[in-house]
$ cat entry-v3.txt   # compact mmCIF, C-alpha atoms and all ligand atoms
# COMPACT_ATOMS: atom_id res chain seq x y z
CA MET G 1 152.98 38.89 87.81
CA SER G 2 150.58 40.11 85.24
CA THR G 3 148.96 43.46 85.50
CA MET G 4 146.59 42.48 82.71
CA HIS G 5 143.31 41.30 84.04
CA PRO G 6 139.71 41.35 82.89
CA SER G 7 138.38 44.62 84.19
CA ASP G 8 135.48 44.44 86.59
CA LYS G 9 132.42 45.42 84.69
CA GLU G 10 129.14 46.49 86.06
CA LEU G 11 127.08 43.51 87.03
CA SER G 12 124.07 43.48 84.83
CA LEU G 13 121.20 41.32 85.96
CA ALA G 14 120.02 40.23 82.54
CA PRO G 15 121.96 37.16 81.43
CA ARG G 16 124.12 38.06 78.50
CA ALA G 17 126.10 36.07 76.00
CA ALA G 18 129.69 35.44 76.96
CA SER G 19 132.40 36.88 74.81
CA ASP G 20 135.85 35.42 74.96
CA GLU G 21 137.37 38.58 73.53
CA GLU G 22 137.67 40.36 76.84
CA GLU G 23 139.58 37.43 78.25
CA VAL G 24 143.26 38.23 78.45
CA LEU G 25 146.00 35.73 78.88
CA ASP G 26 146.85 35.58 82.52
CA GLU G 27 150.62 35.37 82.70
CA SER G 28 150.41 34.07 86.23
CA THR G 29 149.35 30.70 84.79
CA ASN G 30 152.70 30.37 83.02
CA GLY G 31 156.06 29.37 84.47
CA THR G 32 155.82 28.63 88.16
CA GLY G 33 152.36 30.18 88.36
CA PRO G 34 150.84 32.13 91.25
CA LEU G 35 151.83 29.44 93.73
CA ASN G 36 155.49 30.17 92.97
CA ARG G 37 156.39 26.51 92.86
CA VAL G 38 157.14 24.17 90.00
CA LYS G 39 153.87 23.06 88.47
CA ARG G 40 153.06 19.40 88.72
CA ASN G 41 152.43 17.22 85.76
CA ILE G 42 148.72 16.47 85.91
CA PRO G 43 147.89 13.51 83.70
CA GLU G 44 144.88 13.43 81.38
CA PRO G 45 142.16 11.56 83.28
CA PRO G 46 141.77 7.92 82.23
CA LEU G 47 138.61 7.06 80.34
CA LEU G 48 136.04 5.15 82.32
CA SER G 49 134.44 1.99 81.01
CA SER G 50 131.93 1.81 83.84
CA HIS G 51 130.60 4.13 86.53
CA GLY G 52 130.68 4.24 90.33
CA PRO G 53 131.13 3.75 93.17
CA ALA G 54 131.16 7.48 93.70
CA LYS G 55 133.85 9.33 95.52
CA VAL G 56 132.06 11.70 97.87
CA ILE G 57 133.66 15.12 98.30
CA ALA G 58 132.38 17.79 100.70
CA LEU G 59 133.15 21.38 99.70
CA CYS G 60 133.52 22.92 103.07
CA ASN G 61 134.56 26.15 104.75
CA GLN G 62 132.68 27.74 107.62
CA LYS G 63 133.57 31.17 106.27
CA GLY G 64 130.84 32.60 104.07
CA GLY G 65 131.25 33.67 100.46
CA VAL G 66 134.54 31.94 99.70
CA GLY G 67 133.41 30.10 96.58
CA LYS G 68 132.00 26.78 97.87
CA THR G 69 128.86 26.91 95.75
CA THR G 70 130.64 28.31 92.70
CA SER G 71 133.27 25.58 92.98
CA THR G 72 130.64 22.84 93.38
CA ILE G 73 128.84 23.83 90.18
CA ASN G 74 131.96 24.39 88.12
CA LEU G 75 134.02 21.47 89.36
CA GLY G 76 130.97 19.26 88.81
CA ALA G 77 130.50 20.49 85.27
CA ALA G 78 134.23 20.16 84.52
CA LEU G 79 134.23 16.56 85.79
CA THR G 80 131.47 15.69 83.31
CA GLU G 81 133.73 16.92 80.49
CA TYR G 82 136.07 14.09 81.47
CA GLY G 83 133.28 11.54 81.16
CA ARG G 84 132.43 11.44 84.87
CA ARG G 85 128.87 11.16 86.16
CA VAL G 86 128.29 13.71 88.87
CA LEU G 87 125.67 14.39 91.52
CA ILE G 88 125.87 17.78 93.18
CA VAL G 89 124.16 18.04 96.54
CA ASP G 90 122.84 21.34 97.81
CA PHE G 91 123.29 21.01 101.56
CA ASP G 92 122.70 24.64 102.42
CA PRO G 93 119.23 26.02 103.30
CA GLN G 94 120.14 29.14 101.28
CA GLY G 95 119.65 26.95 98.19
CA ALA G 96 122.25 28.91 96.22
CA LEU G 97 123.43 25.85 94.33
CA SER G 98 119.90 25.10 93.18
CA VAL G 99 119.21 28.72 92.25
CA GLY G 100 122.62 28.96 90.53
CA LEU G 101 121.46 26.24 88.15
CA GLY G 102 118.19 27.98 87.44
CA MET G 103 116.00 25.84 89.73
CA PRO G 104 113.07 27.64 91.40
CA ALA G 105 114.20 26.45 94.84
CA HIS G 106 111.24 27.79 96.83
CA LEU G 107 108.74 26.00 94.57
CA LEU G 108 110.32 22.57 94.83
CA GLU G 109 108.15 19.98 96.55
CA LYS G 110 110.83 17.39 97.14
CA THR G 111 114.23 18.46 98.28
CA ILE G 112 117.04 16.98 100.32
CA TYR G 113 115.06 18.02 103.39
CA ASN G 114 112.28 15.56 102.56
CA VAL G 115 114.82 12.84 101.79
CA ILE G 116 116.55 13.08 105.16
CA ILE G 117 113.48 13.71 107.31
CA GLU G 118 110.68 11.68 105.67
CA ARG G 119 111.38 7.98 105.47
CA SER G 120 108.90 7.45 102.63
CA ILE G 121 110.80 9.74 100.24
CA THR G 122 113.90 8.33 98.62
CA ILE G 123 116.76 10.23 97.08
CA ASN G 124 115.63 9.31 93.57
CA ASP G 125 112.33 11.13 94.19
CA ALA G 126 114.22 14.39 94.72
CA ILE G 127 117.14 14.21 92.27
CA MET G 128 116.75 16.51 89.26
CA ARG G 129 118.50 16.64 85.92
CA THR G 130 120.40 19.87 85.21
CA SER G 131 121.16 21.58 81.91
CA VAL G 132 124.59 19.93 82.07
CA GLU G 133 124.54 16.40 80.70
CA ASN G 134 125.59 13.81 83.30
CA MET G 135 125.35 16.30 86.16
CA ASP G 136 122.35 15.83 88.44
CA LEU G 137 121.26 17.94 91.38
CA LEU G 138 119.83 17.06 94.77
CA PRO G 139 118.24 20.43 95.48
CA SER G 140 117.59 22.25 98.71
CA ASN G 141 115.67 25.22 99.96
CA ILE G 142 114.90 26.99 103.20
CA ASP G 143 113.06 23.90 104.53
CA LEU G 144 116.48 22.41 105.27
CA SER G 145 117.03 24.94 108.05
CA ALA G 146 114.45 23.03 110.11
CA ALA G 147 116.35 19.77 109.66
CA GLU G 148 119.21 20.84 111.88
CA VAL G 149 116.80 21.19 114.81
CA GLN G 150 114.77 18.10 113.94
CA LEU G 151 117.85 15.90 113.62
CA VAL G 152 119.18 16.71 117.06
CA ALA G 153 116.82 14.21 118.68
CA GLU G 154 117.51 11.44 116.13
CA VAL G 155 119.54 8.33 116.81
CA GLY G 156 122.55 8.35 114.49
CA ARG G 157 121.91 11.99 113.65
CA GLU G 158 125.39 12.48 112.16
CA HIS G 159 124.85 9.68 109.64
CA THR G 160 121.58 10.87 108.12
CA LEU G 161 123.15 12.09 104.91
CA VAL G 162 125.34 9.05 104.34
CA ARG G 163 122.22 6.87 104.66
CA ALA G 164 120.34 9.07 102.21
CA LEU G 165 123.12 8.91 99.59
CA ARG G 166 123.63 5.16 99.76
CA PRO G 167 121.08 4.16 97.05
CA VAL G 168 122.86 6.23 94.37
CA ILE G 169 126.52 5.61 95.27
CA ASP G 170 126.94 3.17 92.39
CA VAL G 171 125.29 5.46 89.84
CA TYR G 172 127.78 8.33 90.00
CA ASP G 173 131.55 8.76 89.87
CA TYR G 174 131.54 11.87 92.05
CA ILE G 175 129.10 13.23 94.58
CA LEU G 176 129.95 16.84 95.51
CA ILE G 177 128.32 18.26 98.63
CA ASP G 178 127.97 22.03 98.83
CA CYS G 179 128.08 22.77 102.57
CA GLN G 180 126.61 25.74 104.38
CA PRO G 181 128.97 28.26 106.00
CA SER G 182 128.96 26.73 109.48
CA LEU G 183 130.40 23.76 111.31
CA GLY G 184 127.01 22.68 112.66
CA LEU G 185 125.19 19.37 112.40
CA LEU G 186 124.52 19.59 108.66
CA THR G 187 128.21 20.09 107.90
CA VAL G 188 129.14 17.26 110.27
CA ASN G 189 126.70 15.07 108.30
CA ALA G 190 128.48 16.04 105.09
CA LEU G 191 131.88 15.23 106.61
CA ALA G 192 130.58 11.92 107.93
CA ALA G 193 129.40 11.02 104.41
CA ALA G 194 132.54 12.15 102.59
CA ASP G 195 135.70 10.45 101.43
CA GLY G 196 137.40 13.80 100.99
CA VAL G 197 137.06 17.46 101.88
CA LEU G 198 137.81 20.13 99.34
CA ILE G 199 138.44 23.50 100.97
CA PRO G 200 137.93 26.62 98.87
CA LEU G 201 140.16 29.26 100.45
CA GLU G 202 139.69 32.91 99.64
CA CYS G 203 143.03 34.66 99.13
CA GLU G 204 142.47 37.01 102.01
CA TYR G 205 144.18 37.17 105.39
CA PHE G 206 141.25 36.31 107.64
CA SER G 207 140.41 33.26 105.57
CA MET G 208 143.63 31.54 106.51
CA ARG G 209 142.92 31.88 110.19
CA GLY G 210 139.66 29.94 109.87
CA VAL G 211 141.27 26.91 108.26
CA ALA G 212 142.79 25.76 111.56
CA LEU G 213 139.30 25.49 113.06
CA LEU G 214 138.07 23.60 110.02
CA THR G 215 140.96 21.11 110.02
CA ASP G 216 140.33 20.59 113.74
CA THR G 217 136.70 19.66 113.00
CA ILE G 218 137.80 17.38 110.15
CA GLU G 219 140.20 15.66 112.54
CA LYS G 220 137.45 15.10 115.12
CA VAL G 221 135.05 13.72 112.52
CA ARG G 222 137.77 11.38 111.29
CA GLU G 223 138.44 10.10 114.81
CA ARG G 224 134.86 9.75 115.95
CA LEU G 225 132.65 9.20 112.91
CA ASN G 226 134.44 8.57 109.64
CA PRO G 227 138.00 7.14 109.67
CA LYS G 228 138.33 7.28 105.87
CA LEU G 229 137.91 11.05 105.72
CA GLU G 230 140.85 12.91 104.24
CA ILE G 231 141.56 16.39 102.92
CA THR G 232 141.40 16.17 99.13
CA GLY G 233 142.94 19.59 98.79
CA ILE G 234 142.77 23.34 99.21
CA VAL G 235 141.77 25.44 96.21
CA PRO G 236 142.70 29.12 96.39
CA THR G 237 139.81 31.29 95.19
CA MET G 238 139.24 35.00 94.54
CA TYR G 239 142.91 35.39 93.68
CA ASP G 240 143.78 38.79 92.29
CA PRO G 241 147.25 38.80 90.71
CA ARG G 242 147.25 42.60 90.73
CA THR G 243 147.30 42.93 94.49
CA VAL G 244 150.30 42.41 96.73
CA HIS G 245 147.92 41.19 99.43
CA SER G 246 146.64 38.31 97.30
CA ARG G 247 150.18 37.31 96.41
CA GLU G 248 151.32 37.47 100.02
CA VAL G 249 148.41 35.39 101.25
CA MET G 250 149.08 32.85 98.50
CA ALA G 251 152.74 32.59 99.52
CA ARG G 252 151.69 31.94 103.14
CA VAL G 253 149.08 29.37 102.11
CA VAL G 254 151.65 27.40 100.11
CA GLU G 255 154.21 27.71 102.91
CA ARG G 256 151.70 26.50 105.50
CA PHE G 257 149.80 23.81 103.57
CA GLY G 258 152.31 22.72 100.93
CA ASP G 259 151.29 20.04 98.46
CA VAL G 260 147.72 19.94 99.73
CA VAL G 261 147.18 23.17 97.78
CA PHE G 262 145.98 22.47 94.25
CA ASP G 263 147.83 23.94 91.28
CA ALA G 264 144.45 25.23 90.10
CA VAL G 265 143.95 28.78 91.33
CA ILE G 266 140.65 30.56 90.76
CA ASN G 267 141.06 34.23 89.95
CA ARG G 268 138.70 36.89 91.15
CA THR G 269 136.53 37.88 88.23
CA VAL G 270 133.05 39.25 87.84
CA ARG G 271 132.36 36.44 85.41
CA PHE G 272 131.45 34.14 88.28
CA PRO G 273 128.62 36.31 89.59
CA GLU G 274 127.55 36.67 85.97
CA THR G 275 127.35 32.90 85.48
CA THR G 276 125.02 32.72 88.48
CA VAL G 277 122.69 35.14 86.74
CA ALA G 278 122.98 33.06 83.57
CA GLY G 279 122.15 29.91 85.60
CA ALA G 280 124.97 27.92 83.98
CA PRO G 281 128.48 26.77 84.86
CA ILE G 282 131.35 28.86 83.51
CA THR G 283 132.63 25.83 81.59
CA VAL G 284 129.44 26.03 79.49
CA TRP G 285 128.78 29.77 79.52
CA ALA G 286 132.33 30.94 78.75
CA PRO G 287 134.15 27.71 77.89
CA ARG G 288 137.44 29.34 76.86
CA SER G 289 137.64 31.73 79.81
CA ALA G 290 140.46 31.53 82.36
CA GLY G 291 137.87 30.56 84.99
CA ALA G 292 136.66 27.59 82.93
CA LYS G 293 140.24 26.47 82.35
CA ALA G 294 141.05 26.73 86.05
CA TYR G 295 138.07 24.53 87.01
CA ARG G 296 139.08 21.98 84.34
CA LEU G 297 142.57 21.83 85.85
CA LEU G 298 140.98 21.40 89.28
CA ALA G 299 138.89 18.51 87.91
CA ARG G 300 142.00 16.81 86.53
CA GLU G 301 143.78 17.26 89.85
CA VAL G 302 140.83 15.87 91.81
CA ILE G 303 140.76 12.81 89.55
CA ALA G 304 144.53 12.41 89.85
CA ARG G 305 144.35 12.53 93.66
CA GLU G 306 141.61 9.98 93.78
CA VAL G 307 142.09 7.11 96.11
CA VAL G 308 139.07 4.90 95.74
CA ALA G 309 138.11 4.25 99.32
CA ALA G 310 137.12 0.70 100.13
CA ARG G 311 133.46 0.54 100.88
N1 LIG A 1 136.46 33.56 91.65
C1 LIG A 1 135.50 34.45 91.91
N2 LIG A 1 135.66 35.74 91.56
C2 LIG A 1 134.69 36.65 91.84
N3 LIG A 1 133.52 36.36 92.41
C3 LIG A 1 133.30 35.10 92.79
C4 LIG A 1 134.27 34.07 92.56
N4 LIG A 1 133.78 32.90 93.04
C5 LIG A 1 132.56 33.19 93.53
N5 LIG A 1 132.26 34.50 93.39
C6 LIG A 1 131.06 35.21 93.81
O1 LIG A 1 131.16 35.42 95.21
C7 LIG A 1 129.92 35.19 95.84
C8 LIG A 1 130.08 34.06 96.84
O2 LIG A 1 130.44 32.87 96.15
P1 LIG A 1 129.81 31.48 96.54
O3 LIG A 1 128.33 31.59 96.69
O4 LIG A 1 130.32 30.46 95.60
O5 LIG A 1 130.48 31.28 97.96
P2 LIG A 1 130.03 30.31 99.13
O6 LIG A 1 131.28 29.97 99.88
O7 LIG A 1 129.22 29.19 98.61
O8 LIG A 1 129.10 31.29 100.00
P3 LIG A 1 128.18 30.85 101.25
O9 LIG A 1 129.14 30.64 102.37
O10 LIG A 1 127.26 32.00 101.46
O11 LIG A 1 127.47 29.58 100.87
C9 LIG A 1 128.93 34.88 94.74
O12 LIG A 1 128.28 36.06 94.37
C10 LIG A 1 129.81 34.38 93.60
O13 LIG A 1 129.23 34.63 92.34
MG MG A 2 127.29 28.55 99.17
$ encode --input "entry-v3.txt" --output "structure tokens" --more "lines below"
Ligand SMILES: Nc1ncnc2c1ncn2[C@@H]1O[C@H](COP(=O)(O)OP(=O)(O)OP(=O)(O)O)[C@@H](O)[C@H]1O
Ligand SMILES: [Mg+2]
Amino acid sequence: MSTMHPSDKELSLAPRAASDEEEVLDESTNGTGPLNRVKRNIPEPPLLSSHGPAKVIALCNQKGGVGKTTSTINLGAALTEYGRRVLIVDFDPQGALSVGLGMPAHLLEKTIYNVIIERSITINDAIMRTSVENMDLLPSNIDLSAAEVQLVAEVGREHTLVRALRPVIDVYDYILIDCQPSLGLLTVNALAAADGVLIPLECEYFSMRGVALLTDTIEKVRERLNPKLEITGIVPTMYDPRTVHSREVMARVVERFGDVVFDAVINRTVRFPETTVAGAPITVWAPRSAGAKAYRLLAREVIAREVVAAR
């Protein structure tokens, strides 16, 4: 394993230009890679001659701070580089996805909250363009926290999101839903709307323990609400090749979950918090960085695993 790694620098709050010079070649991406298994041959994604229907993927893990929002932004942006049209859905009242793309979340008048609660507002009223071409955002803010309570009394409360997304299914190739860190009603709505679940898994011991609970919930949603739901894959995040702990956790993850684990592994680097300050995906802000490359590989793998669900 490599001991060379971009050193953690002090997090400055002013956005600064990215320099690729500090980026060192991570040897763990060569040979068998950090997963310690033979790397798969991931084909170049086929070009698309038309768009839609979208594959809906929920990025889900009830553990906080594991890279759901970061992965939504960067996977979304990487998918657009392969000619895909992407809608990213902020389904967390924290609004981090919206803020991470430079949207003034608290000032927004129409968010996903209005779309799911007010019948008169359609999804197209709330969708916003982002700075990334072909990646649109359905924003959210703290208003969404009220929805969980309001929805409880609704008929078909678990299917509110799937109904809201329906008008734009044919417009996009991928709809990525950034879930909040809980397994409550909002997350169940996301799972009921999804074809696949993508689980960002922090390379840390306690993270692995939570996955059993998550897969249990996924199983229940599949049985009771959404038979087409499957696990698209597990993406290891916050991997630090310098620590024995990270490597041990990774070995256990691969042993336990096997081929479900993507080849793409996201290293721990301060560049991700920095991109949030810059309000741009890493694929745009530091396009040659290891992080950008990892999210491009993830995008290729997601496309390769695609099974277009019959609608
Ligand atoms: N690979 C990484 N290396 C280092 N820091 C990262 C990495 N990915 C994300 N981060 C940082 O970790 C923090 C949490 O990431 P993120 O917001 O994506 O997680 P989350 O799972 O969406 O959190 P929450 O559960 O609160 O919604 C953020 O400050 C983010 O910039
Ligand atoms: Mg988040």
$ residues_near_ligand --input "entry-v3.txt" --ligand "ligand MG 2 (chain A)" --cutoff "6 Å" --atoms "only C-alpha atoms and all ligand atoms" --output "ChimeraX atom specification"
/G:68-69,96,180
$ residues_near_point --input "entry-v3.txt" --point "(137.8, 16.6, 83.9)" --cutoff "8 Å" --atoms "all atoms listed in the file" --output "PyMOL selection string"
chain G and resi 45+78-84+296-300+303
$ residues_near_ligand --input "entry-v3.txt" --ligand "ligand LIG 1 (chain A)" --cutoff "6 Å" --atoms "all atoms listed in the file" --output "count of residues only"
19
$ closest_residue --input "entry-v3.txt" --among "G:Pro53, G:Ile116, G:Gln62, G:Gln94" --to "G:Glu154" --atoms "all atoms listed in the file"
G:Ile116
$ residues_near_point --input "entry-v3.txt" --point "(127.3, 20.8, 94.5)" --cutoff "12 Å" --atoms "all atoms listed in the file" --output "PyMOL selection string"
chain G and resi 56-60+67-77+79+86-92+95-101+130+135-140+174-180+190+198+281
$ residues_around --input "entry-v3.txt" --residues "G:Phe262" --least-positions-apart "2" --cutoff "10 Å" --atoms "only C-alpha atoms" --output "list in words"
Leu35, Lys39, Arg40, Leu198, Thr232, Gly233, Ile234, Val235, Pro236, Val254, Gly258, Asp259, Val260, Ala264, Val265, Leu297, Leu298, Glu301 and Val302 of chain G
$ write_last_selection --input "entry-v3.txt" --atoms "C-alpha atoms" --output "PDB file, in the coordinates of the input"
ATOM      1  CA  LEU G  35     151.830  29.440  93.730  1.00  0.00           C
ATOM      2  CA  LYS G  39     153.870  23.060  88.470  1.00  0.00           C
ATOM      3  CA  ARG G  40     153.060  19.400  88.720  1.00  0.00           C
ATOM      4  CA  LEU G 198     137.810  20.130  99.340  1.00  0.00           C
ATOM      5  CA  THR G 232     141.400  16.170  99.130  1.00  0.00           C
ATOM      6  CA  GLY G 233     142.940  19.590  98.790  1.00  0.00           C
ATOM      7  CA  ILE G 234     142.770  23.340  99.210  1.00  0.00           C
ATOM      8  CA  VAL G 235     141.770  25.440  96.210  1.00  0.00           C
ATOM      9  CA  PRO G 236     142.700  29.120  96.390  1.00  0.00           C
ATOM     10  CA  VAL G 254     151.650  27.400 100.110  1.00  0.00           C
ATOM     11  CA  GLY G 258     152.310  22.720 100.930  1.00  0.00           C
ATOM     12  CA  ASP G 259     151.290  20.040  98.460  1.00  0.00           C
ATOM     13  CA  VAL G 260     147.720  19.940  99.730  1.00  0.00           C
ATOM     14  CA  ALA G 264     144.450  25.230  90.100  1.00  0.00           C
ATOM     15  CA  VAL G 265     143.950  28.780  91.330  1.00  0.00           C
ATOM     16  CA  LEU G 297     142.570  21.830  85.850  1.00  0.00           C
ATOM     17  CA  LEU G 298     140.980  21.400  89.280  1.00  0.00           C
ATOM     18  CA  GLU G 301     143.780  17.260  89.850  1.00  0.00           C
ATOM     19  CA  VAL G 302     140.830  15.870  91.810  1.00  0.00           C
TER      20      VAL G 302
END
$ closest_residue --input "entry-v3.txt" --among "G:Val132, G:Ala194, G:Leu183, G:Val211" --to "G:Pro227" --atoms "only C-alpha atoms"
G:Ala194
$ closest_residue --input "entry-v3.txt" --among "G:Arg224, G:Arg288, G:Arg85, G:Arg37" --to "G:Ile169" --atoms "all atoms listed in the file"
G:Arg85
$ closest_residue --input "entry-v3.txt" --among "G:Pro241, G:Tyr295, G:Thr122, G:Leu108" --to "G:Asp263" --atoms "all atoms listed in the file"
G:Tyr295
$ closest_residue --input "entry-v3.txt" --among "G:Met208, G:Glu202, G:Arg157, G:Lys228" --to "G:Phe257" --atoms "all atoms listed in the file"
G:Met208
$ residues_around --input "entry-v3.txt" --residues "G:Tyr205" --least-positions-apart "3" --cutoff "12 Å" --atoms "all atoms listed in the file" --output "list in words"
Leu201, Glu202, Met208, Arg209, Gly210, Val211, Tyr239, Val244, His245, Ser246, Arg247, Glu248, Val249, Met250, Ala251, Arg252 and Val253 of chain G
$ write_last_selection --input "entry-v3.txt" --atoms "C-alpha atoms" --output "CSV table (one decimal), in the frame of the given file"
chain,number,residue,atom,x,y,z
G,201,LEU,CA,140.2,29.3,100.4
G,202,GLU,CA,139.7,32.9,99.6
G,208,MET,CA,143.6,31.5,106.5
G,209,ARG,CA,142.9,31.9,110.2
G,210,GLY,CA,139.7,29.9,109.9
G,211,VAL,CA,141.3,26.9,108.3
G,239,TYR,CA,142.9,35.4,93.7
G,244,VAL,CA,150.3,42.4,96.7
G,245,HIS,CA,147.9,41.2,99.4
G,246,SER,CA,146.6,38.3,97.3
G,247,ARG,CA,150.2,37.3,96.4
G,248,GLU,CA,151.3,37.5,100.0
G,249,VAL,CA,148.4,35.4,101.2
G,250,MET,CA,149.1,32.8,98.5
G,251,ALA,CA,152.7,32.6,99.5
G,252,ARG,CA,151.7,31.9,103.1
G,253,VAL,CA,149.1,29.4,102.1
$ atom_distance --input "entry-v3.txt" --atom1 "atom CA of G:Arg242" --atom2 "atom CA of G:Ala280"
27.5 Å
$ closest_residue --input "entry-v3.txt" --among "G:Leu48, G:Val188, G:Leu165, G:Ala193" --to "G:Ile127" --atoms "all atoms listed in the file"
G:Leu165
$ atom_distance --input "entry-v3.txt" --atom1 "atom CA of G:Phe206" --atom2 "atom CA of G:Ile282"
27.1 Å
$ atom_distance --input "entry-v3.txt" --atom1 "atom CA of G:Thr215" --atom2 "atom CA of G:Arg163"
24.1 Å
